[in-house]
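As stored in target-v8.cif (mmCIF, C-alpha atoms):
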data_coords
#
loop_
_atom_site.group_PDB
_atom_site.id
_atom_site.type_symbol
_atom_site.label_atom_id
_atom_site.label_comp_id
_atom_site.auth_asym_id
_atom_site.auth_seq_id
_atom_site.Cartn_x
_atom_site.Cartn_y
_atom_site.Cartn_z
ATOM 1 C CA MET S 1 70.428 63.082 100.190
ATOM 2 C CA ASN S 2 70.210 59.374 99.556
ATOM 3 C CA GLU S 3 73.370 57.372 99.362
ATOM 4 C CA ASP S 4 73.619 54.041 97.596
ATOM 5 C CA GLU S 5 76.303 52.086 95.873
ATOM 6 C CA GLY S 6 75.848 54.099 92.708
ATOM 7 C CA GLY S 7 76.458 57.425 94.386
ATOM 8 C CA ARG S 8 74.685 60.283 96.139
ATOM 9 C CA ARG S 9 71.248 61.348 95.017
ATOM 10 C CA PHE S 10 69.643 64.703 95.763
ATOM 11 C CA SER S 11 65.938 65.388 95.601
ATOM 12 C CA ASP S 12 66.449 68.791 93.986
ATOM 13 C CA GLU S 13 69.071 71.443 93.318
ATOM 14 C CA ASP S 14 68.297 73.297 96.541
ATOM 15 C CA GLU S 15 69.281 70.243 98.526
ATOM 16 C CA LEU S 16 72.412 69.849 96.426
ATOM 17 C CA GLU S 17 73.294 73.532 97.006
ATOM 18 C CA ARG S 18 72.838 73.154 100.757
ATOM 19 C CA TRP S 19 75.007 70.054 100.762
ATOM 20 C CA ILE S 20 77.803 71.756 98.795
ATOM 21 C CA SER S 21 77.583 74.840 101.015
ATOM 22 C CA SER S 22 78.074 72.675 104.096
ATOM 23 C CA PHE S 23 81.716 72.228 103.047
ATOM 24 C CA ALA S 24 84.339 74.945 103.266
ATOM 25 C CA PRO S 25 87.010 75.967 100.776
ATOM 26 C CA VAL S 26 90.398 74.448 101.498
ATOM 27 C CA SER S 27 92.593 76.633 103.718
ATOM 28 C CA PRO S 28 96.286 77.104 103.041
ATOM 29 C CA GLY S 29 98.646 75.381 105.452
ATOM 30 C CA SER S 30 100.212 77.443 108.216
ATOM 31 C CA ASP S 31 103.562 77.595 106.416
ATOM 32 C CA ALA S 32 102.042 78.432 103.012
ATOM 33 C CA ARG S 33 101.765 82.087 103.912
ATOM 34 C CA ASP S 34 105.542 82.676 104.020
ATOM 35 C CA ARG S 35 106.134 80.686 100.839
ATOM 36 C CA ILE S 36 103.445 82.600 98.977
ATOM 37 C CA LEU S 37 104.359 86.064 100.221
ATOM 38 C CA GLU S 38 108.139 85.684 99.987
ATOM 39 C CA PRO S 39 108.608 87.045 96.408
ATOM 40 C CA ALA S 40 106.222 89.929 97.104
ATOM 41 C CA ARG S 41 108.011 90.737 100.367
ATOM 42 C CA ARG S 42 111.324 90.882 98.521
ATOM 43 C CA ALA S 43 109.802 93.276 95.991
ATOM 44 C CA ALA S 44 108.132 95.443 98.624
ATOM 45 C CA PRO S 45 110.115 97.821 100.783
ATOM 46 C CA SER S 46 110.306 96.824 104.427
ATOM 47 C CA GLY S 47 108.174 98.724 106.897
ATOM 48 C CA ARG S 48 111.292 100.372 108.322
ATOM 49 C CA LEU S 49 112.526 101.431 104.911
ATOM 50 C CA GLN S 50 109.081 102.709 104.014
ATOM 51 C CA ARG S 51 108.945 104.819 107.161
ATOM 52 C CA TRP S 52 112.439 106.157 106.422
ATOM 53 C CA TRP S 53 111.302 107.058 102.895
ATOM 54 C CA ASP S 54 108.124 108.725 104.144
ATOM 55 C CA GLU S 55 110.097 110.725 106.708
ATOM 56 C CA ALA S 56 112.732 111.665 104.134
ATOM 57 C CA MET S 57 110.055 112.869 101.753
ATOM 58 C CA GLU S 58 108.363 114.793 104.538
ATOM 59 C CA GLY S 59 111.712 116.319 105.567
ATOM 60 C CA LEU S 60 112.480 117.208 101.974
ATOM 61 C CA GLY S 61 109.086 118.836 101.688
ATOM 62 C CA ASP S 62 109.771 120.860 104.818
ATOM 63 C CA LEU S 63 113.206 121.786 103.538
ATOM 64 C CA LEU S 64 111.837 122.901 100.195
ATOM 65 C CA PHE S 65 109.146 124.884 101.942
ATOM 66 C CA ALA S 66 111.669 126.511 104.275
ATOM 67 C CA THR S 67 114.154 127.092 101.459
ATOM 68 C CA ARG S 68 111.523 128.740 99.378
ATOM 69 C CA TRP S 69 110.931 131.255 102.153
ATOM 70 C CA SER S 70 114.652 131.669 102.781
ATOM 71 C CA MET S 71 115.254 132.229 99.110
ATOM 72 C CA ALA S 72 112.415 134.716 99.005
ATOM 73 C CA THR S 73 113.917 136.616 101.930
ATOM 74 C CA VAL S 74 117.390 136.611 100.348
ATOM 75 C CA ALA S 75 115.926 137.781 97.048
ATOM 76 C CA LEU S 76 113.992 140.506 98.816
ATOM 77 C CA LEU S 77 117.051 141.754 100.687
ATOM 78 C CA PHE S 78 119.142 141.547 97.538
ATOM 79 C CA GLY S 79 116.518 143.554 95.701
ATOM 80 C CA LEU S 80 116.402 146.016 98.541
ATOM 81 C CA ASN S 81 120.169 146.475 98.394
ATOM 82 C CA LEU S 82 119.944 147.110 94.673
ATOM 83 C CA ALA S 83 117.166 149.563 95.317
ATOM 84 C CA VAL S 84 119.252 151.320 97.955
ATOM 85 C CA ASP S 85 122.192 151.504 95.526
ATOM 86 C CA ARG S 86 119.956 153.255 93.061
ATOM 87 C CA LEU S 87 118.579 155.742 95.522
ATOM 88 C CA PRO S 88 119.517 159.316 94.718
ATOM 89 C CA LEU S 89 122.968 160.009 96.124
ATOM 90 C CA GLN S 90 121.856 162.987 98.115
ATOM 91 C CA MET S 91 119.643 160.694 100.155
ATOM 92 C CA VAL S 92 122.633 158.617 101.270
ATOM 93 C CA ARG S 93 125.209 160.068 103.590
ATOM 94 C CA LYS S 94 127.857 158.866 105.920
ATOM 95 C CA VAL S 95 127.145 158.833 109.577
ATOM 96 C CA PRO S 96 129.799 161.050 111.159
ATOM 97 C CA GLY S 97 132.479 159.053 112.930
ATOM 98 C CA GLY S 98 131.127 155.786 111.584
ATOM 99 C CA GLY S 99 131.844 153.861 108.472
ATOM 100 C CA ARG S 100 128.351 152.852 107.574
ATOM 101 C CA SER S 101 126.139 154.625 105.213
ATOM 102 C CA SER S 102 122.809 155.847 106.294
ATOM 103 C CA LEU S 103 119.832 157.342 104.625
ATOM 104 C CA SER S 104 118.492 160.762 104.912
ATOM 105 C CA MET S 105 114.909 160.268 103.976
ATOM 106 C CA SER S 106 111.751 162.115 104.686
ATOM 107 C CA ARG S 107 108.793 160.376 106.212
ATOM 108 C CA GLN S 108 107.064 160.410 102.820
ATOM 109 C CA GLU S 109 110.123 158.934 101.126
ATOM 110 C CA ARG S 110 110.298 156.194 103.709
ATOM 111 C CA ARG S 111 106.608 155.563 103.268
ATOM 112 C CA ASP S 112 107.090 155.353 99.510
ATOM 113 C CA LEU S 113 109.985 152.963 99.886
ATOM 114 C CA SER S 114 107.974 150.925 102.339
ATOM 115 C CA GLU S 115 105.096 150.770 99.905
ATOM 116 C CA LEU S 116 107.426 149.859 97.081
ATOM 117 C CA THR S 117 109.090 147.019 98.916
ATOM 118 C CA GLY S 118 106.164 145.934 101.052
ATOM 119 C CA ILE S 119 108.307 146.172 104.168
ATOM 120 C CA GLU S 120 107.036 147.885 107.264
ATOM 121 C CA ALA S 121 108.488 151.415 107.417
ATOM 122 C CA GLY S 122 109.929 151.197 110.942
ATOM 123 C CA TRP S 123 111.703 147.933 110.254
ATOM 124 C CA LEU S 124 112.935 149.341 106.938
ATOM 125 C CA SER S 125 114.433 152.343 108.612
ATOM 126 C CA GLY S 126 116.256 150.176 111.083
ATOM 127 C CA ARG S 127 117.435 147.881 108.300
ATOM 128 C CA LEU S 128 118.785 150.817 106.305
ATOM 129 C CA GLY S 129 120.811 152.035 109.241
ATOM 130 C CA LEU S 130 118.730 154.960 110.351
ATOM 131 C CA SER S 131 119.201 155.468 114.056
ATOM 132 C CA SER S 132 116.333 156.510 116.274
ATOM 133 C CA GLU S 133 117.804 159.977 116.297
ATOM 134 C CA GLU S 134 118.048 160.084 112.535
ATOM 135 C CA MET S 135 114.488 158.878 112.248
ATOM 136 C CA ARG S 136 113.287 161.544 114.610
ATOM 137 C CA LYS S 137 115.223 164.130 112.618
ATOM 138 C CA SER S 138 113.816 162.921 109.334
ATOM 139 C CA GLU S 139 110.348 162.876 110.812
ATOM 140 C CA ARG S 140 110.779 166.444 111.899
ATOM 141 C CA ARG S 141 111.810 167.355 108.340
ATOM 142 C CA MET K 142 103.387 102.168 97.929
ATOM 143 C CA VAL K 143 102.742 98.875 99.766
ATOM 144 C CA GLU K 144 105.098 97.736 102.462
ATOM 145 C CA ALA K 145 105.784 94.236 103.658
ATOM 146 C CA LEU K 146 103.620 94.815 106.702
ATOM 147 C CA LYS K 147 100.579 95.586 104.586
ATOM 148 C CA LEU K 148 101.056 92.379 102.608
ATOM 149 C CA ASP K 149 100.555 90.445 105.817
ATOM 150 C CA GLU K 150 97.391 92.404 106.586
ATOM 151 C CA ILE K 151 96.023 91.680 103.119
ATOM 152 C CA TRP K 152 96.942 88.031 103.502
ATOM 153 C CA GLU K 153 95.180 87.891 106.890
ATOM 154 C CA ALA K 154 91.994 89.238 105.366
ATOM 155 C CA TRP K 155 91.965 87.520 101.974
ATOM 156 C CA GLY K 156 94.692 84.891 101.754
ATOM 157 C CA GLY K 157 92.576 81.960 102.929
ATOM 158 C CA PRO K 158 89.566 82.501 100.643
ATOM 159 C CA LEU K 159 91.831 83.308 97.680
ATOM 160 C CA TYR K 160 93.791 80.107 98.208
ATOM 161 C CA GLY K 161 90.590 78.045 98.319
ATOM 162 C CA PHE K 162 89.311 79.720 95.157
ATOM 163 C CA VAL K 163 92.547 79.305 93.225
ATOM 164 C CA LEU K 164 92.914 75.690 94.352
ATOM 165 C CA SER K 165 89.429 74.941 93.036
ATOM 166 C CA LEU K 166 90.543 76.258 89.639
ATOM 167 C CA VAL K 167 94.020 74.764 89.287
ATOM 168 C CA GLY K 168 93.452 71.613 91.359
ATOM 169 C CA CYS K 169 96.911 71.296 92.852
ATOM 170 C CA PRO K 170 98.150 72.877 96.117
ATOM 171 C CA LYS K 171 101.610 73.572 94.700
ATOM 172 C CA ASP K 172 100.143 75.269 91.627
ATOM 173 C CA ALA K 173 97.747 77.273 93.817
ATOM 174 C CA GLU K 174 100.715 78.592 95.788
ATOM 175 C CA ASP K 175 102.561 79.491 92.577
ATOM 176 C CA VAL K 176 99.515 81.361 91.308
ATOM 177 C CA LEU K 177 99.112 83.274 94.556
ATOM 178 C CA GLN K 178 102.803 84.175 94.549
ATOM 179 C CA ASP K 179 102.200 85.838 91.188
ATOM 180 C CA VAL K 180 99.052 87.541 92.496
ATOM 181 C CA PHE K 181 100.856 89.145 95.435
ATOM 182 C CA LEU K 182 103.891 90.042 93.351
ATOM 183 C CA ALA K 183 101.607 91.746 90.837
ATOM 184 C CA LEU K 184 99.915 93.527 93.731
ATOM 185 C CA VAL K 185 103.221 95.008 94.920
ATOM 186 C CA LYS K 186 104.013 96.162 91.372
ATOM 187 C CA ALA K 187 100.571 97.693 91.066
ATOM 188 C CA PHE K 188 101.029 99.515 94.375
ATOM 189 C CA LYS K 189 104.374 100.839 93.175
ATOM 190 C CA GLY K 190 102.543 102.086 90.090
ATOM 191 C CA GLY K 191 100.165 104.062 92.284
ATOM 192 C CA LEU K 192 97.284 101.611 92.797
ATOM 193 C CA GLU K 193 94.912 102.455 95.624
ATOM 194 C CA LEU K 194 93.120 99.350 96.779
ATOM 195 C CA GLN K 195 89.589 100.667 97.203
ATOM 196 C CA HIS K 196 87.764 97.378 96.599
ATOM 197 C CA PRO K 197 90.248 94.748 97.731
ATOM 198 C CA ARG K 198 87.878 91.787 97.424
ATOM 199 C CA ALA K 199 86.948 92.479 93.811
ATOM 200 C CA TYR K 200 90.524 93.377 92.865
ATOM 201 C CA LEU K 201 92.125 90.348 94.502
ATOM 202 C CA TYR K 202 89.602 87.808 93.222
ATOM 203 C CA ARG K 203 89.939 89.192 89.694
ATOM 204 C CA SER K 204 93.702 89.122 89.884
ATOM 205 C CA ALA K 205 93.653 85.588 91.324
ATOM 206 C CA ARG K 206 91.277 84.375 88.644
ATOM 207 C CA ASN K 207 93.339 85.952 85.847
ATOM 208 C CA GLU K 208 96.542 84.370 87.141
ATOM 209 C CA ALA K 209 94.836 80.994 87.616
ATOM 210 C CA HIS K 210 93.480 81.030 84.054
ATOM 211 C CA ARG K 211 96.897 82.075 82.738
ATOM 212 C CA HIS K 212 98.328 79.125 84.626
ATOM 213 C CA LEU K 213 95.699 76.784 83.138
ATOM 214 C CA ARG K 214 96.408 78.076 79.620
ATOM 215 C CA ARG K 215 100.099 77.414 80.118
ATOM 216 C CA ARG K 216 99.223 73.875 81.112
ATOM 217 C CA GLY K 217 97.018 73.702 78.062
ATOM 218 C CA ARG K 218 93.989 72.111 79.617
ATOM 219 C CA ASN K 219 90.666 73.236 80.843
ATOM 220 C CA ALA K 220 89.637 70.542 83.267
ATOM 221 C CA LEU K 221 91.551 69.654 86.386
ATOM 222 C CA PRO K 222 94.150 66.985 85.956
ATOM 223 C CA ILE K 223 93.250 64.961 89.007
ATOM 224 C CA SER K 224 95.942 62.372 88.845
ATOM 225 C CA ASP K 225 95.911 62.132 92.601
ATOM 226 C CA GLU K 226 92.608 60.548 93.594
ATOM 227 C CA ARG K 227 92.894 61.974 97.101
ATOM 228 C CA ILE K 228 92.988 65.612 96.000
ATOM 229 C CA MET K 229 90.615 67.687 98.102
ATOM 230 C CA LEU K 230 89.013 70.869 96.805
ATOM 231 C CA VAL K 231 86.837 71.318 99.905
ATOM 232 C CA GLU K 232 87.382 70.887 103.607
ATOM 233 C CA ALA K 233 85.281 68.765 105.937
ATOM 234 C CA PRO K 234 85.544 67.227 109.392
ATOM 235 C CA PRO K 235 87.027 63.716 109.501
ATOM 236 C CA ALA K 236 83.577 62.107 109.688
ATOM 237 C CA ARG K 237 82.682 63.585 106.287
ATOM 238 C CA GLN K 238 85.924 62.938 104.426
ATOM 239 C CA ASP K 239 84.242 60.532 101.991
ATOM 240 C CA GLU K 240 81.616 63.111 101.105
ATOM 241 C CA ALA K 241 84.266 65.791 100.695
ATOM 242 C CA LEU K 242 86.257 63.540 98.387
ATOM 243 C CA ASP K 243 83.188 62.771 96.244
ATOM 244 C CA LEU K 244 82.379 66.469 95.963
ATOM 245 C CA SER K 245 85.995 67.302 95.131
ATOM 246 C CA ARG K 246 86.076 64.747 92.323
ATOM 247 C CA ALA K 247 82.743 65.927 90.960
ATOM 248 C CA LEU K 248 83.832 69.568 91.056
ATOM 249 C CA ALA K 249 87.069 68.651 89.320
ATOM 250 C CA ALA K 250 85.095 67.054 86.500
ATOM 251 C CA LEU K 251 83.131 70.247 85.781
ATOM 252 C CA PRO K 252 84.249 72.601 82.987
ATOM 253 C CA VAL K 253 86.209 75.384 84.630
ATOM 254 C CA ASP K 254 83.704 78.108 83.649
ATOM 255 C CA GLN K 255 80.931 76.244 85.499
ATOM 256 C CA ARG K 256 83.140 75.197 88.381
ATOM 257 C CA GLU K 257 84.266 78.723 89.185
ATOM 258 C CA VAL K 258 80.674 80.010 89.273
ATOM 259 C CA VAL K 259 79.489 77.203 91.553
ATOM 260 C CA VAL K 260 82.450 77.701 93.872
ATOM 261 C CA LEU K 261 82.132 81.482 94.001
ATOM 262 C CA LYS K 262 78.391 81.255 94.663
ATOM 263 C CA LEU K 263 78.347 78.486 97.252
ATOM 264 C CA HIS K 264 81.730 78.771 98.946
ATOM 265 C CA HIS K 265 82.511 82.483 98.605
ATOM 266 C CA ALA K 266 78.978 83.831 99.046
ATOM 267 C CA MET K 267 79.062 85.974 95.908
ATOM 268 C CA THR K 268 75.914 87.114 94.150
ATOM 269 C CA PHE K 269 75.431 86.484 90.422
ATOM 270 C CA GLN K 270 75.968 90.208 89.903
ATOM 271 C CA GLU K 271 79.353 90.058 91.671
ATOM 272 C CA ILE K 272 80.293 86.883 89.810
ATOM 273 C CA GLY K 273 79.266 88.483 86.524
ATOM 274 C CA ASP K 274 81.430 91.521 87.271
ATOM 275 C CA LEU K 275 84.373 89.305 88.133
ATOM 276 C CA LEU K 276 84.025 87.100 85.051
ATOM 277 C CA ASP K 277 83.026 89.912 82.674
ATOM 278 C CA VAL K 278 79.726 88.208 81.871
ATOM 279 C CA SER K 279 76.132 89.189 82.600
ATOM 280 C CA PRO K 280 74.499 88.034 85.835
ATOM 281 C CA ASN K 281 72.157 85.882 83.706
ATOM 282 C CA THR K 282 75.097 84.121 82.104
ATOM 283 C CA ALA K 283 76.598 83.528 85.548
ATOM 284 C CA ALA K 284 73.269 82.111 86.747
ATOM 285 C CA SER K 285 73.047 79.825 83.692
ATOM 286 C CA ARG K 286 76.534 78.480 84.262
ATOM 287 C CA HIS K 287 75.614 77.844 87.877
ATOM 288 C CA ARG K 288 72.489 75.942 86.887
ATOM 289 C CA TYR K 289 74.323 73.828 84.290
ATOM 290 C CA GLY K 290 77.067 73.200 86.807
ATOM 291 C CA LEU K 291 74.619 71.981 89.422
ATOM 292 C CA GLU K 292 72.876 69.706 86.929
ATOM 293 C CA LYS K 293 76.167 68.156 85.974
ATOM 294 C CA LEU K 294 77.258 67.823 89.593
ATOM 295 C CA ARG K 295 74.026 66.077 90.406
ATOM 296 C CA ASP K 296 74.626 63.533 87.644
ATOM 297 C CA LEU K 297 78.252 63.085 88.579
ATOM 298 C CA LEU K 298 77.477 62.535 92.235
ATOM 299 C CA ALA K 299 74.723 60.064 91.372
ATOM 300 C CA GLY K 300 77.249 58.150 89.321
ATOM 301 C CA GLU K 301 75.486 58.978 86.072
ATOM 302 C CA GLY K 302 78.044 61.359 84.619
ATOM 303 C CA ASP K 303 81.547 60.868 83.392
ATOM 304 C CA ARG K 304 83.857 60.443 86.310
ATOM 305 C CA PRO K 305 87.251 62.032 86.003
#
Spit out the file's structure as structure tokens when you get a sec.
Amino acid sequence: MNEDEGGRRFSDEDELERWISSFAPVSPGSDARDRILEPARRAAPSGRLQRWWDEAMEGLGDLLFATRWSMATVALLFGLNLAVDRLPLQMVRKVPGGGRSSLSMSRQERRDLSELTGIEAGWLSGRLGLSSEEMRKSERR
Amino acid sequence: MVEALKLDEIWEAWGGPLYGFVLSLVGCPKDAEDVLQDVFLALVKAFKGGLELQHPRAYLYRSARNEAHRHLRRRGRNALPISDERIMLVEAPPARQDEALDLSRALAALPVDQREVVVLKLHHAMTFQEIGDLLDVSPNTAASRHRYGLEKLRDLLAGEGDRP
């Protein structure tokens, strides 16, 4: 680059490009950052609020997931009760000396009910109030 | 969604270059700050709308350019209004302040479409392909604008062009 009173003269565009590239873009002042970001910060949720929101959403997701299973269990038990109500009367009898109803079911009937409801037969028997003795009796039948 | 913390991270990575770019377009530090305020506000809104910032450089430069041009249209002029003769569009050590001032004045006298290409190429290390993508023009058009810009700068710096 030649410099005279008229100005700066470059031999070619490559030299001019190199000269321009030797300067840097202007940097913002140290306090410009806060001035520039302030409106965006006001519009954006704070980090703490964001974390609260994320956790709330995660908790809600867990709750929905858990509730879905709880509801499914309640629905299943409700359905099972309805099914028990509709069982033939002769299959339901009172346990002597007790107030609760019990079932007099053969192994096949319990297996059928288990298949129908998808519940394991042993657990089902216990749930329906069959005592170990009753189960043994019904198994013997 | 973006949080305030992420804004600071984005600023750390891109705030400086974006400021320099916007200042070279609008020519006034106060206006450059106003433009960048709008850029970051728009970014938060975009994040709230579900934006995922996969290519932050391209996104932010495009957003900054759009806001800067909107600002220039509102002002109703294409060239920089350099009323302040000391305005600096480039930075230099104290020993080169005169050179930096000459370059700033010459850049300010360029049409904005040439100025932005020269600045993006030489101060932001973008290729003509990247500049073309940003400006929605072909790489050849970007290269032409660069060439015309350099020719004009050469004349301006030699004192043969129209000084602002």
Checklist entry - So what do you get for CA of Gly273 in chain K versus CA of Asp172 in chain K, distance-wise? => result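 Interatomic distance here is 25.2 Å.
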Item to check | Long-range neighbours of Asn207 in chain K as a VMD selection string, 9 Å cut-off, only C-alpha atoms, 5 positions minimum in chain | outcome: chain K and resid 180 202 212
Check every residue of chain S for an atom within 7 Å of chain K, counting all atoms listed in the file, and provide those that qualify as a PDB file with C-alpha atoms, in the coordinates of the input.
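Below you can see out-v7.pdb, which holds the result:
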ATOM      1  CA  GLY S   6      75.848  54.099  92.708  1.00  0.00           C
ATOM      2  CA  GLY S   7      76.458  57.425  94.386  1.00  0.00           C
ATOM      3  CA  ARG S   8      74.685  60.283  96.139  1.00  0.00           C
ATOM      4  CA  ARG S   9      71.248  61.348  95.017  1.00  0.00           C
ATOM      5  CA  GLU S  13      69.071  71.443  93.318  1.00  0.00           C
ATOM      6  CA  ILE S  20      77.803  71.756  98.795  1.00  0.00           C
ATOM      7  CA  SER S  21      77.583  74.840 101.015  1.00  0.00           C
ATOM      8  CA  PHE S  23      81.716  72.228 103.047  1.00  0.00           C
ATOM      9  CA  ALA S  24      84.339  74.945 103.266  1.00  0.00           C
ATOM     10  CA  PRO S  25      87.010  75.967 100.776  1.00  0.00           C
ATOM     11  CA  VAL S  26      90.398  74.448 101.498  1.00  0.00           C
ATOM     12  CA  SER S  27      92.593  76.633 103.718  1.00  0.00           C
ATOM     13  CA  PRO S  28      96.286  77.104 103.041  1.00  0.00           C
ATOM     14  CA  ILE S  36     103.445  82.600  98.977  1.00  0.00           C
ATOM     15  CA  LEU S  37     104.359  86.064 100.221  1.00  0.00           C
ATOM     16  CA  PRO S  39     108.608  87.045  96.408  1.00  0.00           C
ATOM     17  CA  ALA S  40     106.222  89.929  97.104  1.00  0.00           C
ATOM     18  CA  ARG S  41     108.011  90.737 100.367  1.00  0.00           C
ATOM     19  CA  ALA S  43     109.802  93.276  95.991  1.00  0.00           C
ATOM     20  CA  ALA S  44     108.132  95.443  98.624  1.00  0.00           C
ATOM     21  CA  PRO S  45     110.115  97.821 100.783  1.00  0.00           C
ATOM     22  CA  SER S  46     110.306  96.824 104.427  1.00  0.00           C
ATOM     23  CA  GLY S  47     108.174  98.724 106.897  1.00  0.00           C
ATOM     24  CA  GLN S  50     109.081 102.709 104.014  1.00  0.00           C
TER      25      GLN S  50
END
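Atom pair CA of Tyr200 in chain K / CA of Pro252 in chain K has a distance of 23.8 Å (rounded to one decimal).
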Using only the atoms of range 6-11 of chain S listed in the file, plus 6 Å on each side, state the axis-aligned box centre and edge lengths in Å rounded to one decimal, as JSON.
{"center_x": 71.2, "center_y": 59.7, "center_z": 94.4, "size_x": 22.5, "size_y": 23.3, "size_z": 15.4}
Item to check | Interatomic distance (Å, one decimal) between CA of His287 in chain K and CA of Ala250 in chain K | outcome: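 Atom-to-atom, CA of His287 in chain K to CA of Ala250 in chain K, that is 14.4 Å.
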